[in-house]
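Q: The structure's right below; bear with me while I get my questions together.
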Amino acid sequence: MVHLGLQLPSFTFPDVPDDRLFERIAAIAGAAEDAGFDSFWVMDHYHQIASVGPPTDPMLEAYTVLAAVAARTARIQLGAMVTGVTYRNPAFLAKVVTTLDAVSSGRAILGIGAAWNDEESLAYGYPWPSATERFERLEDALRICRSMFTQQTSTVRGTIHHVDGAINVPQPVRPGGPPILVGGGGEQKTLRLTARYADMWNGFGDIPTIRHKLDVLSEHCATEGRDRSEIVATRLGTLIVAQTHDEADRRRREWQAAHNVGDDGLAMRLTWGDRDEASAGAAAFLDAGLQGLLFNMPAGSSPEDVSLAGEALSQLR
């Protein structure tokens with residue numbers, strides 16, 4: 001079964017005051033659930049990132065938002081795309097995600113990566129370790145979270161982080177704990193850790209890039225003695241769907257101008273068109289070997305836009 005997810009990276013809605021902001025977020029999550037999306041994601045950032053908007057744009061804390069969305073939805077799975085490993089002690093993160101799983105009756109996903117935003121981290125007073133140390137922290141977090149998701153009491157000695165008798169009661173609602181998704185395309189470390197520890201992987205890029213990353217992931221799985229089919233591989237990109245080709249083309253041109261993306265960069269980031277065209281573009285990524293697709297939509301997209309996207313993507317089922 002194809003996994004389809006909606007990511008909401010922007011909380012900027014020009015017609016929505018701050019005291020109504022969550023209501024719009026909840027409406028979009030509800031529209032995604034009604035439209036058949038399997039998962040709903042927000043970013044784990046404290047400042048807006050440059051590829052989406054200026055740093056002063058609204059940004060809410062990921063897991064607080066997800067817990068609130070859990071109370072407004074019934075079926076859709078919930079996760080951060082992706083949690084920066086430097087922002088939380090791994091045992092605390094395991095407790096947070098376990099709590100989200102309890103609040104949502106078993107719908108949490110742990111999305112996690114090695115973190116990349118040094119400016120944001122330093123602005124908030126977090127240390128910014130070397131890339132080598134961040135990946136050591138990521139492996140520690142993967143081990144600790146898996147242990148705490150599956151055992152009431154955990155003792156894990158990692159390279160940086162350790163837990164000694166950490167109690168996690170209640171255990172997650174979902175049997176085996178929330179699925180763990182590793183995000184990123186690094187071939188030496190990220191994909192190796194995915195093969196060793198993860199249930200899901202998310203990458204970026206055009207179809208040739210995705211095919212190559214999946215080949216590398218398969219090689220790492222073989223080294224780890226694991227069947228690659230055990231890992232749900234997904235790709236995150238932007239989606240524009242409109243009632244007509246002309247309207248979708250107009251929105252595509254607006255999006256390119258806003259993000260300074262030339263025609264040669266479109267395939268890396270954007271899927272667009274009317275319902276049939278968007279569905280065909282998405283299907284091409286599944287044909288490349290993915291088991292799922294995660295999409296965001298241009299800033300300010302409405303619940304109605306999400307519903308139309310769900311109609312287009314339903315053709316992939």
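In the structure tokens, each chain is lettered A, B, ... as it comes, each chain's residues begin at 1, and ligands are numbered from 1 in order of appearance.
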Within 8 Å of Val241 in chain A, counting only C-alpha atoms, which residues show up once you throw out same-chain ones fewer than 5 positions away? Write them as an MDAnalysis selection string, please.
A: chainID A and resid 248 272:275 278 305 308:309 312
Q: Which residues are close to Val16 in chain A, i.e. within 12 Å by only C-alpha atoms, leaving aside same-chain residues fewer than 5 positions away? Reply as a PyMOL selection string.
A: chain A and resi 11+21-25+58+300+302
Q: Could you pull out the residues in range 61-203 of chain A that DSSP calls alpha helix (DSSP H) from the backbone, as a ChimeraX atom specification?
A: /A:62-72,90-103,118-123,131-150,190-197
Q: Using only C-alpha atoms, find the one residue out of A:Met81, A:Ile167, A:Met43, A:Ile240 that sits nearest to Gly184 in chain A.
A: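 Going through A:Met81, A:Ile167, A:Met43, A:Ile240 one by one, the smallest distance to Gly184 in chain A is for A:Met81.
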Q: Would you work out the distance separating CA of Gly113 in chain A from CA of Thr86 in chain A, expressed in Å to one decimal?
A: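 Answer for the CA of Gly113 in chain A to CA of Thr86 in chain A separation: 9.2 Å.
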Q: So, with only C-alpha atoms as the atoms that count, which of A:Ala299, A:Ile207, A:Thr83, A:Arg226 lies closest to Thr271 in chain A?
A: A:Ile207
Q: List every residue of range 58-163 of chain A that has an atom at most 12 Å from any atom of range 176-183 of chain A, and for each one report the closest atom pair and its distance in Å to one decimal, counting only C-alpha atoms, with rows sorted by chain and then by increasing residue number, as JSON lines.
A:
```
{"residue": "A:Gln77", "atom": "CA", "partner": "A:Pro178", "partner_atom": "CA", "distance": 9.8}
{"residue": "A:Leu78", "atom": "CA", "partner": "A:Pro178", "partner_atom": "CA", "distance": 9.9}
{"residue": "A:Gly79", "atom": "CA", "partner": "A:Leu181", "partner_atom": "CA", "distance": 9.3}
{"residue": "A:Ala80", "atom": "CA", "partner": "A:Leu181", "partner_atom": "CA", "distance": 9.7}
{"residue": "A:Met81", "atom": "CA", "partner": "A:Gly183", "partner_atom": "CA", "distance": 7.6}
{"residue": "A:Val82", "atom": "CA", "partner": "A:Gly183", "partner_atom": "CA", "distance": 6.4}
{"residue": "A:Thr83", "atom": "CA", "partner": "A:Gly183", "partner_atom": "CA", "distance": 8.9}
{"residue": "A:Gly84", "atom": "CA", "partner": "A:Gly183", "partner_atom": "CA", "distance": 9.9}
{"residue": "A:Val85", "atom": "CA", "partner": "A:Val182", "partner_atom": "CA", "distance": 10.8}
{"residue": "A:Ala94", "atom": "CA", "partner": "A:Pro178", "partner_atom": "CA", "distance": 9.7}
{"residue": "A:Lys95", "atom": "CA", "partner": "A:Gly177", "partner_atom": "CA", "distance": 11.4}
{"residue": "A:Val96", "atom": "CA", "partner": "A:Pro178", "partner_atom": "CA", "distance": 11.4}
{"residue": "A:Val97", "atom": "CA", "partner": "A:Pro178", "partner_atom": "CA", "distance": 7.8}
{"residue": "A:Thr98", "atom": "CA", "partner": "A:Pro178", "partner_atom": "CA", "distance": 7.6}
{"residue": "A:Thr99", "atom": "CA", "partner": "A:Pro178", "partner_atom": "CA", "distance": 10.7}
{"residue": "A:Leu100", "atom": "CA", "partner": "A:Pro178", "partner_atom": "CA", "distance": 9.5}
{"residue": "A:Asp101", "atom": "CA", "partner": "A:Pro178", "partner_atom": "CA", "distance": 7.1}
{"residue": "A:Ala102", "atom": "CA", "partner": "A:Pro178", "partner_atom": "CA", "distance": 10.4}
{"residue": "A:Ser104", "atom": "CA", "partner": "A:Pro178", "partner_atom": "CA", "distance": 11.2}
{"residue": "A:Ser105", "atom": "CA", "partner": "A:Pro178", "partner_atom": "CA", "distance": 11.0}
{"residue": "A:Gly106", "atom": "CA", "partner": "A:Pro178", "partner_atom": "CA", "distance": 7.5}
{"residue": "A:Arg107", "atom": "CA", "partner": "A:Pro178", "partner_atom": "CA", "distance": 7.4}
{"residue": "A:Ala108", "atom": "CA", "partner": "A:Pro178", "partner_atom": "CA", "distance": 5.5}
{"residue": "A:Ile109", "atom": "CA", "partner": "A:Pro178", "partner_atom": "CA", "distance": 5.0}
{"residue": "A:Leu110", "atom": "CA", "partner": "A:Ile180", "partner_atom": "CA", "distance": 4.8}
{"residue": "A:Gly111", "atom": "CA", "partner": "A:Leu181", "partner_atom": "CA", "distance": 4.5}
{"residue": "A:Ile112", "atom": "CA", "partner": "A:Val182", "partner_atom": "CA", "distance": 5.2}
{"residue": "A:Gly113", "atom": "CA", "partner": "A:Gly183", "partner_atom": "CA", "distance": 5.2}
{"residue": "A:Ala114", "atom": "CA", "partner": "A:Gly183", "partner_atom": "CA", "distance": 8.3}
{"residue": "A:Ala115", "atom": "CA", "partner": "A:Gly183", "partner_atom": "CA", "distance": 9.6}
{"residue": "A:Trp116", "atom": "CA", "partner": "A:Gly183", "partner_atom": "CA", "distance": 11.5}
{"residue": "A:Phe135", "atom": "CA", "partner": "A:Val182", "partner_atom": "CA", "distance": 11.7}
{"residue": "A:Leu138", "atom": "CA", "partner": "A:Val182", "partner_atom": "CA", "distance": 9.4}
{"residue": "A:Glu139", "atom": "CA", "partner": "A:Val182", "partner_atom": "CA", "distance": 10.5}
{"residue": "A:Ala141", "atom": "CA", "partner": "A:Ile180", "partner_atom": "CA", "distance": 10.8}
{"residue": "A:Leu142", "atom": "CA", "partner": "A:Ile180", "partner_atom": "CA", "distance": 8.1}
{"residue": "A:Arg143", "atom": "CA", "partner": "A:Ile180", "partner_atom": "CA", "distance": 10.7}
{"residue": "A:Ile144", "atom": "CA", "partner": "A:Ile180", "partner_atom": "CA", "distance": 11.8}
{"residue": "A:Cys145", "atom": "CA", "partner": "A:Ile180", "partner_atom": "CA", "distance": 8.8}
{"residue": "A:Arg146", "atom": "CA", "partner": "A:Gly177", "partner_atom": "CA", "distance": 7.7}
{"residue": "A:Ser147", "atom": "CA", "partner": "A:Gly177", "partner_atom": "CA", "distance": 9.5}
{"residue": "A:Met148", "atom": "CA", "partner": "A:Gly177", "partner_atom": "CA", "distance": 8.6}
{"residue": "A:Phe149", "atom": "CA", "partner": "A:Gly177", "partner_atom": "CA", "distance": 4.8}
{"residue": "A:Thr150", "atom": "CA", "partner": "A:Gly176", "partner_atom": "CA", "distance": 5.7}
{"residue": "A:Gln151", "atom": "CA", "partner": "A:Gly176", "partner_atom": "CA", "distance": 9.3}
{"residue": "A:Gln152", "atom": "CA", "partner": "A:Gly177", "partner_atom": "CA", "distance": 11.6}
```
Q: To one decimal place, how far is CA of Phe37 in chain A from CA of Leu8 in chain A in Å?
A: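 Separating CA of Phe37 in chain A from CA of Leu8 in chain A is a distance of 12.8 Å.
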Q: Between A:Val42, A:Gly53, A:Ala26, A:Arg211, which one has atoms that come closest to Arg72 in chain A, using only C-alpha atoms?
A: A:Ala26
Q: Can you list, as a short mmCIF file (atom, residue, chain, number, x, y, z; two decimals) with N, CA and C atoms, in the first residue's frame, every protein, DNA or RNA residue that comes within 12 Å of Leu122 in chain A when you count only C-alpha atoms, leaving out same-chain residues fewer than 6 positions away?
A:
```cif
data_model
loop_
_atom_site.label_atom_id
_atom_site.label_comp_id
_atom_site.auth_asym_id
_atom_site.auth_seq_id
_atom_site.Cartn_x
_atom_site.Cartn_y
_atom_site.Cartn_z
N TYR A 46 12.86 26.11 14.98
CA TYR A 46 12.44 27.20 15.85
C TYR A 46 12.39 28.53 15.10
N HIS A 47 13.16 28.64 14.03
CA HIS A 47 13.08 29.74 13.07
C HIS A 47 12.60 29.14 11.75
N THR A 86 20.12 17.15 17.80
CA THR A 86 20.82 17.97 18.78
C THR A 86 19.89 18.75 19.69
N TYR A 87 18.59 18.77 19.38
CA TYR A 87 17.67 19.64 20.11
C TYR A 87 17.07 19.02 21.37
N TRP A 116 21.00 20.11 10.81
CA TRP A 116 21.85 20.82 9.85
C TRP A 116 21.88 22.33 10.08
N TRP A 128 26.76 23.26 18.81
CA TRP A 128 26.75 22.76 17.43
C TRP A 128 27.97 21.86 17.23
N PRO A 129 27.81 20.57 17.47
CA PRO A 129 28.94 19.65 17.35
C PRO A 129 29.35 19.46 15.89
#
```
Q: Of the candidates A:Asn296, A:Glu120, A:Ile28, A:Phe92, which one gets nearest to Thr56 in chain A if we count only C-alpha atoms?
A: A:Glu120
Q: Can you tell me how far CA of Gly30 in chain A sits from CA of Thr238 in chain A, in Å to one decimal?
A: 19.4 Å
Q: Between A:Glu230, A:Ser279, A:Asn117, A:Val306, which one has atoms that come closest to Ile49 in chain A, using only C-alpha atoms?
A: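 Checking each candidate against Ile49 in chain A, we get A:Asn117 as the closest.
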Q: Just checking: using only C-alpha atoms, which residue out of A:Asn202, A:Glu33, A:Glu136, A:Ala91 ends up closest to Val163 in chain A?
A: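 Distance minimum relative to Val163 in chain A lands on A:Ala91.
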